[in-house]
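**Student:** This one is query31.pdb, PDB, C-alpha atoms.
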```
ATOM      1  CA  MET H   1    -123.864-132.366-115.870  1.00  0.00           C
ATOM      2  CA  TRP H   2    -125.255-130.533-118.929  1.00  0.00           C
ATOM      3  CA  GLN H   3    -128.414-128.671-117.974  1.00  0.00           C
ATOM      4  CA  TRP H   4    -128.966-126.257-120.811  1.00  0.00           C
ATOM      5  CA  VAL H   5    -127.289-126.969-124.146  1.00  0.00           C
ATOM      6  CA  VAL H   6    -128.797-129.801-126.185  1.00  0.00           C
ATOM      7  CA  SER H   7    -126.430-132.661-126.933  1.00  0.00           C
ATOM      8  CA  PRO H   8    -124.941-132.056-130.392  1.00  0.00           C
ATOM      9  CA  ALA H   9    -126.002-135.581-131.337  1.00  0.00           C
ATOM     10  CA  LYS H  10    -129.629-134.659-130.596  1.00  0.00           C
ATOM     11  CA  ALA H  11    -129.509-131.207-132.206  1.00  0.00           C
ATOM     12  CA  PRO H  12    -131.619-130.548-135.336  1.00  0.00           C
ATOM     13  CA  ASP H  13    -130.545-132.173-138.600  1.00  0.00           C
ATOM     14  CA  GLN H  14    -130.722-128.834-140.429  1.00  0.00           C
ATOM     15  CA  PRO H  15    -128.373-125.899-139.766  1.00  0.00           C
ATOM     16  CA  ALA H  16    -129.749-122.786-138.064  1.00  0.00           C
ATOM     17  CA  GLN H  17    -128.780-119.371-139.419  1.00  0.00           C
ATOM     18  CA  VAL H  18    -128.259-116.330-137.227  1.00  0.00           C
ATOM     19  CA  GLU H  19    -127.022-112.817-137.951  1.00  0.00           C
ATOM     20  CA  VAL H  20    -125.384-110.856-135.139  1.00  0.00           C
ATOM     21  CA  GLY H  21    -125.138-107.043-135.377  1.00  0.00           C
ATOM     22  CA  PHE H  22    -122.708-104.723-133.589  1.00  0.00           C
ATOM     23  CA  GLU H  23    -122.196-100.978-133.244  1.00  0.00           C
ATOM     24  CA  SER H  24    -118.788 -99.882-131.955  1.00  0.00           C
ATOM     25  CA  GLY H  25    -118.191-103.418-130.686  1.00  0.00           C
ATOM     26  CA  ILE H  26    -121.484-103.590-128.757  1.00  0.00           C
ATOM     27  CA  LEU H  27    -124.165-106.171-129.557  1.00  0.00           C
ATOM     28  CA  VAL H  28    -127.214-104.349-130.969  1.00  0.00           C
ATOM     29  CA  SER H  29    -129.224-106.873-132.975  1.00  0.00           C
ATOM     30  CA  VAL H  30    -129.957-110.539-133.642  1.00  0.00           C
ATOM     31  CA  ASN H  31    -131.401-111.423-137.041  1.00  0.00           C
ATOM     32  CA  GLY H  32    -131.988-107.731-137.691  1.00  0.00           C
ATOM     33  CA  ARG H  33    -134.073-107.202-134.541  1.00  0.00           C
ATOM     34  CA  LYS H  34    -132.894-104.508-132.137  1.00  0.00           C
ATOM     35  CA  LEU H  35    -133.737-105.402-128.547  1.00  0.00           C
ATOM     36  CA  SER H  36    -132.333-104.673-125.102  1.00  0.00           C
ATOM     37  CA  PRO H  37    -128.914-106.216-124.376  1.00  0.00           C
ATOM     38  CA  LEU H  38    -130.471-108.796-122.034  1.00  0.00           C
ATOM     39  CA  GLU H  39    -133.101-109.788-124.604  1.00  0.00           C
ATOM     40  CA  LEU H  40    -130.443-110.122-127.306  1.00  0.00           C
ATOM     41  CA  VAL H  41    -128.263-112.372-125.166  1.00  0.00           C
ATOM     42  CA  ASN H  42    -131.306-114.442-124.174  1.00  0.00           C
ATOM     43  CA  GLU H  43    -132.194-114.894-127.847  1.00  0.00           C
ATOM     44  CA  LEU H  44    -128.653-115.978-128.711  1.00  0.00           C
ATOM     45  CA  ASN H  45    -128.734-118.368-125.744  1.00  0.00           C
ATOM     46  CA  GLU H  46    -131.947-119.935-127.017  1.00  0.00           C
ATOM     47  CA  ILE H  47    -130.769-120.353-130.609  1.00  0.00           C
ATOM     48  CA  ALA H  48    -127.340-121.714-129.728  1.00  0.00           C
ATOM     49  CA  ALA H  49    -128.495-124.065-126.950  1.00  0.00           C
ATOM     50  CA  ALA H  50    -131.113-125.616-129.247  1.00  0.00           C
ATOM     51  CA  ASN H  51    -128.391-126.386-131.790  1.00  0.00           C
ATOM     52  CA  GLY H  52    -125.888-127.940-129.377  1.00  0.00           C
ATOM     53  CA  VAL H  53    -123.568-124.918-129.335  1.00  0.00           C
ATOM     54  CA  GLY H  54    -121.906-123.668-126.164  1.00  0.00           C
ATOM     55  CA  ARG H  55    -120.659-126.596-124.097  1.00  0.00           C
ATOM     56  CA  MET H  56    -117.136-126.153-122.722  1.00  0.00           C
ATOM     57  CA  ASP H  57    -115.153-128.776-120.835  1.00  0.00           C
ATOM     58  CA  ILE H  58    -111.774-127.306-119.867  1.00  0.00           C
ATOM     59  CA  VAL H  59    -108.880-127.610-117.448  1.00  0.00           C
ATOM     60  CA  GLU H  60    -108.041-124.157-116.118  1.00  0.00           C
ATOM     61  CA  ASN H  61    -105.668-122.456-113.707  1.00  0.00           C
ATOM     62  CA  ARG H  62    -107.179-121.129-110.494  1.00  0.00           C
ATOM     63  CA  LEU H  63    -105.989-117.895-108.877  1.00  0.00           C
ATOM     64  CA  VAL H  64    -103.733-119.844-106.495  1.00  0.00           C
ATOM     65  CA  GLY H  65    -102.219-121.805-109.396  1.00  0.00           C
ATOM     66  CA  MET H  66    -103.779-125.248-109.031  1.00  0.00           C
ATOM     67  CA  LYS H  67    -105.459-126.953-111.973  1.00  0.00           C
ATOM     68  CA  SER H  68    -109.214-127.232-111.991  1.00  0.00           C
ATOM     69  CA  ARG H  69    -111.632-128.893-114.375  1.00  0.00           C
ATOM     70  CA  GLY H  70    -114.609-126.812-115.398  1.00  0.00           C
ATOM     71  CA  ALA H  71    -117.695-127.715-117.391  1.00  0.00           C
ATOM     72  CA  TYR H  72    -119.491-124.597-118.559  1.00  0.00           C
ATOM     73  CA  GLU H  73    -122.484-123.845-120.731  1.00  0.00           C
ATOM     74  CA  THR H  74    -122.264-120.562-122.599  1.00  0.00           C
ATOM     75  CA  PRO H  75    -124.406-120.824-125.723  1.00  0.00           C
ATOM     76  CA  GLY H  76    -125.026-117.141-126.417  1.00  0.00           C
ATOM     77  CA  GLY H  77    -121.509-116.216-125.341  1.00  0.00           C
ATOM     78  CA  THR H  78    -120.056-118.660-127.864  1.00  0.00           C
ATOM     79  CA  LEU H  79    -121.958-116.968-130.690  1.00  0.00           C
ATOM     80  CA  LEU H  80    -121.094-113.489-129.438  1.00  0.00           C
ATOM     81  CA  VAL H  81    -117.376-114.219-129.282  1.00  0.00           C
ATOM     82  CA  ALA H  82    -117.320-115.909-132.699  1.00  0.00           C
ATOM     83  CA  ALA H  83    -119.202-113.056-134.394  1.00  0.00           C
ATOM     84  CA  HIS H  84    -117.265-110.305-132.635  1.00  0.00           C
ATOM     85  CA  ARG H  85    -113.887-111.815-133.517  1.00  0.00           C
ATOM     86  CA  GLU H  86    -114.877-112.073-137.170  1.00  0.00           C
ATOM     87  CA  LEU H  87    -116.035-108.475-137.316  1.00  0.00           C
ATOM     88  CA  GLU H  88    -112.805-107.329-135.659  1.00  0.00           C
ATOM     89  CA  SER H  89    -110.779-109.270-138.225  1.00  0.00           C
ATOM     90  CA  LEU H  90    -112.538-107.235-140.916  1.00  0.00           C
ATOM     91  CA  CYS H  91    -112.367-103.797-139.259  1.00  0.00           C
ATOM     92  CA  LEU H  92    -109.182-103.595-137.186  1.00  0.00           C
ATOM     93  CA  ASP H  93    -105.749-102.937-138.616  1.00  0.00           C
ATOM     94  CA  ARG H  94    -103.161-105.638-137.966  1.00  0.00           C
ATOM     95  CA  GLU H  95    -101.187-103.857-135.249  1.00  0.00           C
ATOM     96  CA  THR H  96    -104.245-102.838-133.227  1.00  0.00           C
ATOM     97  CA  ALA H  97    -105.710-106.336-133.569  1.00  0.00           C
ATOM     98  CA  HIS H  98    -102.507-108.010-132.383  1.00  0.00           C
ATOM     99  CA  TYR H  99    -102.048-105.630-129.449  1.00  0.00           C
ATOM    100  CA  GLN H 100    -105.680-106.045-128.481  1.00  0.00           C
ATOM    101  CA  GLN H 101    -105.233-109.832-128.336  1.00  0.00           C
ATOM    102  CA  LEU H 102    -102.417-109.401-125.828  1.00  0.00           C
ATOM    103  CA  LEU H 103    -104.394-106.957-123.691  1.00  0.00           C
ATOM    104  CA  SER H 104    -107.531-109.107-123.853  1.00  0.00           C
ATOM    105  CA  LEU H 105    -105.719-111.965-122.133  1.00  0.00           C
ATOM    106  CA  ARG H 106    -104.533-109.651-119.351  1.00  0.00           C
ATOM    107  CA  TYR H 107    -107.999-108.108-119.024  1.00  0.00           C
ATOM    108  CA  ALA H 108    -109.671-111.510-118.712  1.00  0.00           C
ATOM    109  CA  GLU H 109    -107.105-112.556-116.114  1.00  0.00           C
ATOM    110  CA  MET H 110    -107.744-109.417-114.060  1.00  0.00           C
ATOM    111  CA  VAL H 111    -111.505-109.984-114.100  1.00  0.00           C
ATOM    112  CA  TYR H 112    -111.039-113.629-113.130  1.00  0.00           C
ATOM    113  CA  TYR H 113    -108.773-112.564-110.251  1.00  0.00           C
ATOM    114  CA  GLY H 114    -111.370-110.098-108.944  1.00  0.00           C
ATOM    115  CA  MET H 115    -109.409-106.976-109.892  1.00  0.00           C
ATOM    116  CA  TRP H 116    -112.324-105.042-111.398  1.00  0.00           C
ATOM    117  CA  PHE H 117    -111.997-101.879-109.314  1.00  0.00           C
ATOM    118  CA  THR H 118    -108.447-101.003-110.345  1.00  0.00           C
ATOM    119  CA  PRO H 119    -106.829 -98.149-112.270  1.00  0.00           C
ATOM    120  CA  LEU H 120    -105.360-100.619-114.767  1.00  0.00           C
ATOM    121  CA  ARG H 121    -108.782-102.057-115.639  1.00  0.00           C
ATOM    122  CA  GLU H 122    -110.104 -98.524-116.200  1.00  0.00           C
ATOM    123  CA  ALA H 123    -107.119 -97.699-118.428  1.00  0.00           C
ATOM    124  CA  LEU H 124    -107.642-100.868-120.453  1.00  0.00           C
ATOM    125  CA  ASP H 125    -111.326 -99.957-120.843  1.00  0.00           C
ATOM    126  CA  ALA H 126    -110.223 -96.705-122.488  1.00  0.00           C
ATOM    127  CA  PHE H 127    -108.038 -98.634-124.950  1.00  0.00           C
ATOM    128  CA  PHE H 128    -110.812-101.066-125.831  1.00  0.00           C
ATOM    129  CA  ALA H 129    -113.398 -98.285-126.219  1.00  0.00           C
ATOM    130  CA  SER H 130    -111.091 -96.613-128.726  1.00  0.00           C
ATOM    131  CA  SER H 131    -110.185 -99.811-130.604  1.00  0.00           C
ATOM    132  CA  GLN H 132    -113.858-100.762-130.973  1.00  0.00           C
ATOM    133  CA  LYS H 133    -114.999 -97.536-132.671  1.00  0.00           C
ATOM    134  CA  ARG H 134    -114.836 -99.144-136.135  1.00  0.00           C
ATOM    135  CA  VAL H 135    -116.216-102.542-135.106  1.00  0.00           C
ATOM    136  CA  THR H 136    -119.656-101.955-136.578  1.00  0.00           C
ATOM    137  CA  GLY H 137    -121.534-104.298-138.868  1.00  0.00           C
ATOM    138  CA  SER H 138    -122.965-107.799-138.922  1.00  0.00           C
ATOM    139  CA  VAL H 139    -121.741-111.371-139.033  1.00  0.00           C
ATOM    140  CA  GLY H 140    -123.727-114.350-140.286  1.00  0.00           C
ATOM    141  CA  LEU H 141    -123.301-117.668-138.489  1.00  0.00           C
ATOM    142  CA  SER H 142    -124.449-121.171-139.327  1.00  0.00           C
ATOM    143  CA  LEU H 143    -125.003-123.526-136.373  1.00  0.00           C
ATOM    144  CA  PHE H 144    -125.038-127.265-136.866  1.00  0.00           C
ATOM    145  CA  LYS H 145    -124.793-129.966-134.201  1.00  0.00           C
ATOM    146  CA  GLY H 146    -122.471-128.043-131.886  1.00  0.00           C
ATOM    147  CA  ASN H 147    -120.434-126.334-134.611  1.00  0.00           C
ATOM    148  CA  VAL H 148    -120.389-122.658-135.560  1.00  0.00           C
ATOM    149  CA  ASN H 149    -119.329-121.520-139.036  1.00  0.00           C
ATOM    150  CA  VAL H 150    -119.102-117.975-140.368  1.00  0.00           C
ATOM    151  CA  THR H 151    -121.233-117.371-143.463  1.00  0.00           C
ATOM    152  CA  SER H 152    -120.863-113.604-143.949  1.00  0.00           C
ATOM    153  CA  ARG H 153    -119.147-110.457-142.687  1.00  0.00           C
ATOM    154  CA  HIS H 154    -120.352-106.929-143.486  1.00  0.00           C
ATOM    155  CA  SER H 155    -119.135-103.546-142.231  1.00  0.00           C
ATOM    156  CA  PRO H 156    -119.065 -99.985-143.515  1.00  0.00           C
ATOM    157  CA  TYR H 157    -115.578 -99.844-141.931  1.00  0.00           C
ATOM    158  CA  SER H 158    -114.191-102.953-143.607  1.00  0.00           C
ATOM    159  CA  LEU H 159    -110.464-102.724-144.322  1.00  0.00           C
ATOM    160  CA  TYR H 160    -110.617-105.608-146.816  1.00  0.00           C
ATOM    161  CA  ARG H 161    -110.069-104.586-150.433  1.00  0.00           C
ATOM    162  CA  THR H 162    -110.307-107.248-153.127  1.00  0.00           C
ATOM    163  CA  GLY H 163    -108.054-105.222-155.438  1.00  0.00           C
ATOM    164  CA  LEU H 164    -105.230-105.378-152.909  1.00  0.00           C
ATOM    165  CA  ALA H 165    -105.764-108.852-151.510  1.00  0.00           C
ATOM    166  CA  SER H 166    -106.913-110.983-154.446  1.00  0.00           C
ATOM    167  CA  PHE H 167    -104.670-113.166-156.580  1.00  0.00           C
ATOM    168  CA  SER H 168    -105.273-110.865-159.556  1.00  0.00           C
ATOM    169  CA  MET H 169    -103.070-108.241-157.827  1.00  0.00           C
ATOM    170  CA  THR H 170    -104.776-105.315-159.567  1.00  0.00           C
ATOM    171  CA  GLY H 171    -104.240-102.899-156.668  1.00  0.00           C
ATOM    172  CA  TYR H 172    -100.440-102.844-156.817  1.00  0.00           C
ATOM    173  CA  ASN H 173     -97.494-104.069-158.830  1.00  0.00           C
ATOM    174  CA  PRO H 174     -96.277-107.485-157.573  1.00  0.00           C
ATOM    175  CA  LYS H 175     -92.761-106.517-158.722  1.00  0.00           C
ATOM    176  CA  ASP H 176     -92.713-103.991-155.845  1.00  0.00           C
ATOM    177  CA  ALA H 177     -92.630-106.882-153.398  1.00  0.00           C
ATOM    178  CA  GLU H 178     -89.174-107.985-154.557  1.00  0.00           C
ATOM    179  CA  GLY H 179     -87.320-105.204-152.734  1.00  0.00           C
ATOM    180  CA  PHE H 180     -89.392-105.678-149.599  1.00  0.00           C
ATOM    181  CA  ILE H 181     -88.713-109.419-149.553  1.00  0.00           C
ATOM    182  CA  ASN H 182     -84.972-108.849-149.970  1.00  0.00           C
ATOM    183  CA  LEU H 183     -84.863-106.301-147.132  1.00  0.00           C
ATOM    184  CA  PHE H 184     -87.192-108.232-144.847  1.00  0.00           C
ATOM    185  CA  SER H 185     -85.165-111.426-145.202  1.00  0.00           C
ATOM    186  CA  LEU H 186     -81.782-109.811-144.350  1.00  0.00           C
ATOM    187  CA  PRO H 187     -81.890-110.651-140.609  1.00  0.00           C
ATOM    188  CA  ILE H 188     -82.607-114.271-141.526  1.00  0.00           C
ATOM    189  CA  THR H 189     -79.960-114.685-144.229  1.00  0.00           C
ATOM    190  CA  ILE H 190     -77.046-113.107-142.318  1.00  0.00           C
ATOM    191  CA  PRO H 191     -76.854-115.910-139.689  1.00  0.00           C
ATOM    192  CA  LEU H 192     -77.057-118.486-142.498  1.00  0.00           C
ATOM    193  CA  GLU H 193     -74.149-116.833-144.337  1.00  0.00           C
ATOM    194  CA  ALA H 194     -72.095-116.764-141.138  1.00  0.00           C
ATOM    195  CA  ALA H 195     -72.692-120.480-140.564  1.00  0.00           C
ATOM    196  CA  VAL H 196     -71.364-121.352-144.048  1.00  0.00           C
ATOM    197  CA  ARG H 197     -67.988-119.665-143.459  1.00  0.00           C
TER
END
```
Using the file provided, produce a representation of the structure as structure tokens.

**Tutor:**
Amino acid sequence: MWQWVVSPAKAPDQPAQVEVGFESGILVSVNGRKLSPLELVNELNEIAAANGVGRMDIVENRLVGMKSRGAYETPGGTLLVAAHRELESLCLDRETAHYQQLLSLRYAEMVYYGMWFTPLREALDAFFASSQKRVTGSVGLSLFKGNVNVTSRHSPYSLYRTGLASFSMTGYNPKDAEGFINLFSLPITIPLEAAVR
């Protein structure tokens, strides 16, 4: 059944390293080399397939609703998705990221159902083009016997700040959280109080 991706058991005994670069959410480089989109995807396919990455064996829902088993090989796509998601996690604010996840599912469903030439797909494209403006940078991946691990994330648009997110709490006063916690927990504590009466 598997024609392309090497069996993870037969993949090299040393991890392979790859760096994937993006500009505004679009793949632009692999290991620092800028090539055409097709050449970049072909290179990712080669690297991933050689390291046992990209086999998918799933049960899915067909358009008419019946279950179907699918065995797919998508080596380069696996790396692209992993790297892109990591860069988005670094560059997108929480609300945009969460809303984009919801719309991504609908978008994928529309494409699967053959609804490419629709006003809704065009409208969603406009949303994604806007949300991807900051998704620029690179992600390092380590591939080993079918597994993909993130080794680095870099972006000039990173929203991560160690002073605000580290355990040292140097970017703000932890005492400020007390009022927020009290207010945020009100909807939860009121039903508990009512149950005690």

**Student:** Please write the residues picked by the PyMOL selection byres ((chain H and resi 132-146) around 7) on this file as a PyMOL selection string.

**Tutor:** chain H and resi 8-9+11-12+14-25+51-53+83+87-88+91+128-131+147-157

**Student:** Hey, can you check how far atom CA of H:Met1 sits from atom CA of H:Gly70?

**Tutor:** 10.8 Å

**Student:** Expanded to explicit residues, what is the PyMOL selection byres ((chain H and resi 44) around 9) for this file, as a PyMOL selection string?

**Tutor:** chain H and resi 18+20+30+39-43+45-49+75-77+79-80

**Student:** Rank nothing, just name the residue among H:His84, H:Ser185, H:Leu90, H:Leu124 nearest to H:Leu102, using all atoms listed in the file.

**Tutor:**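 Smallest separation from H:Leu102 among the options: H:Leu124.
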
**Student:** Could you pull the residues within 12 Å of H:His98, counting only C-alpha atoms, minus those fewer than 5 positions along the same chain, as a list in words?

**Tutor:**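 In the requested form, the answer reads Glu88, Ser89, Leu92, Asp93, Leu103, Ser104, Leu105 and Ser131 of chain H.
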
**Student:** Between atom CA of H:Thr78 and atom CA of H:Arg55, what is the distance in Å, rounded to a tenth?

**Tutor:**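 So the two atoms, atom CA of H:Thr78 and atom CA of H:Arg55, lie 8.8 Å apart.
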
**Student:** One decimal, in Å: what's the spacing between atom CA of H:Glu73 and atom CA of H:Tyr112?

**Tutor:**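 These atoms are spaced 17.1 Å apart.
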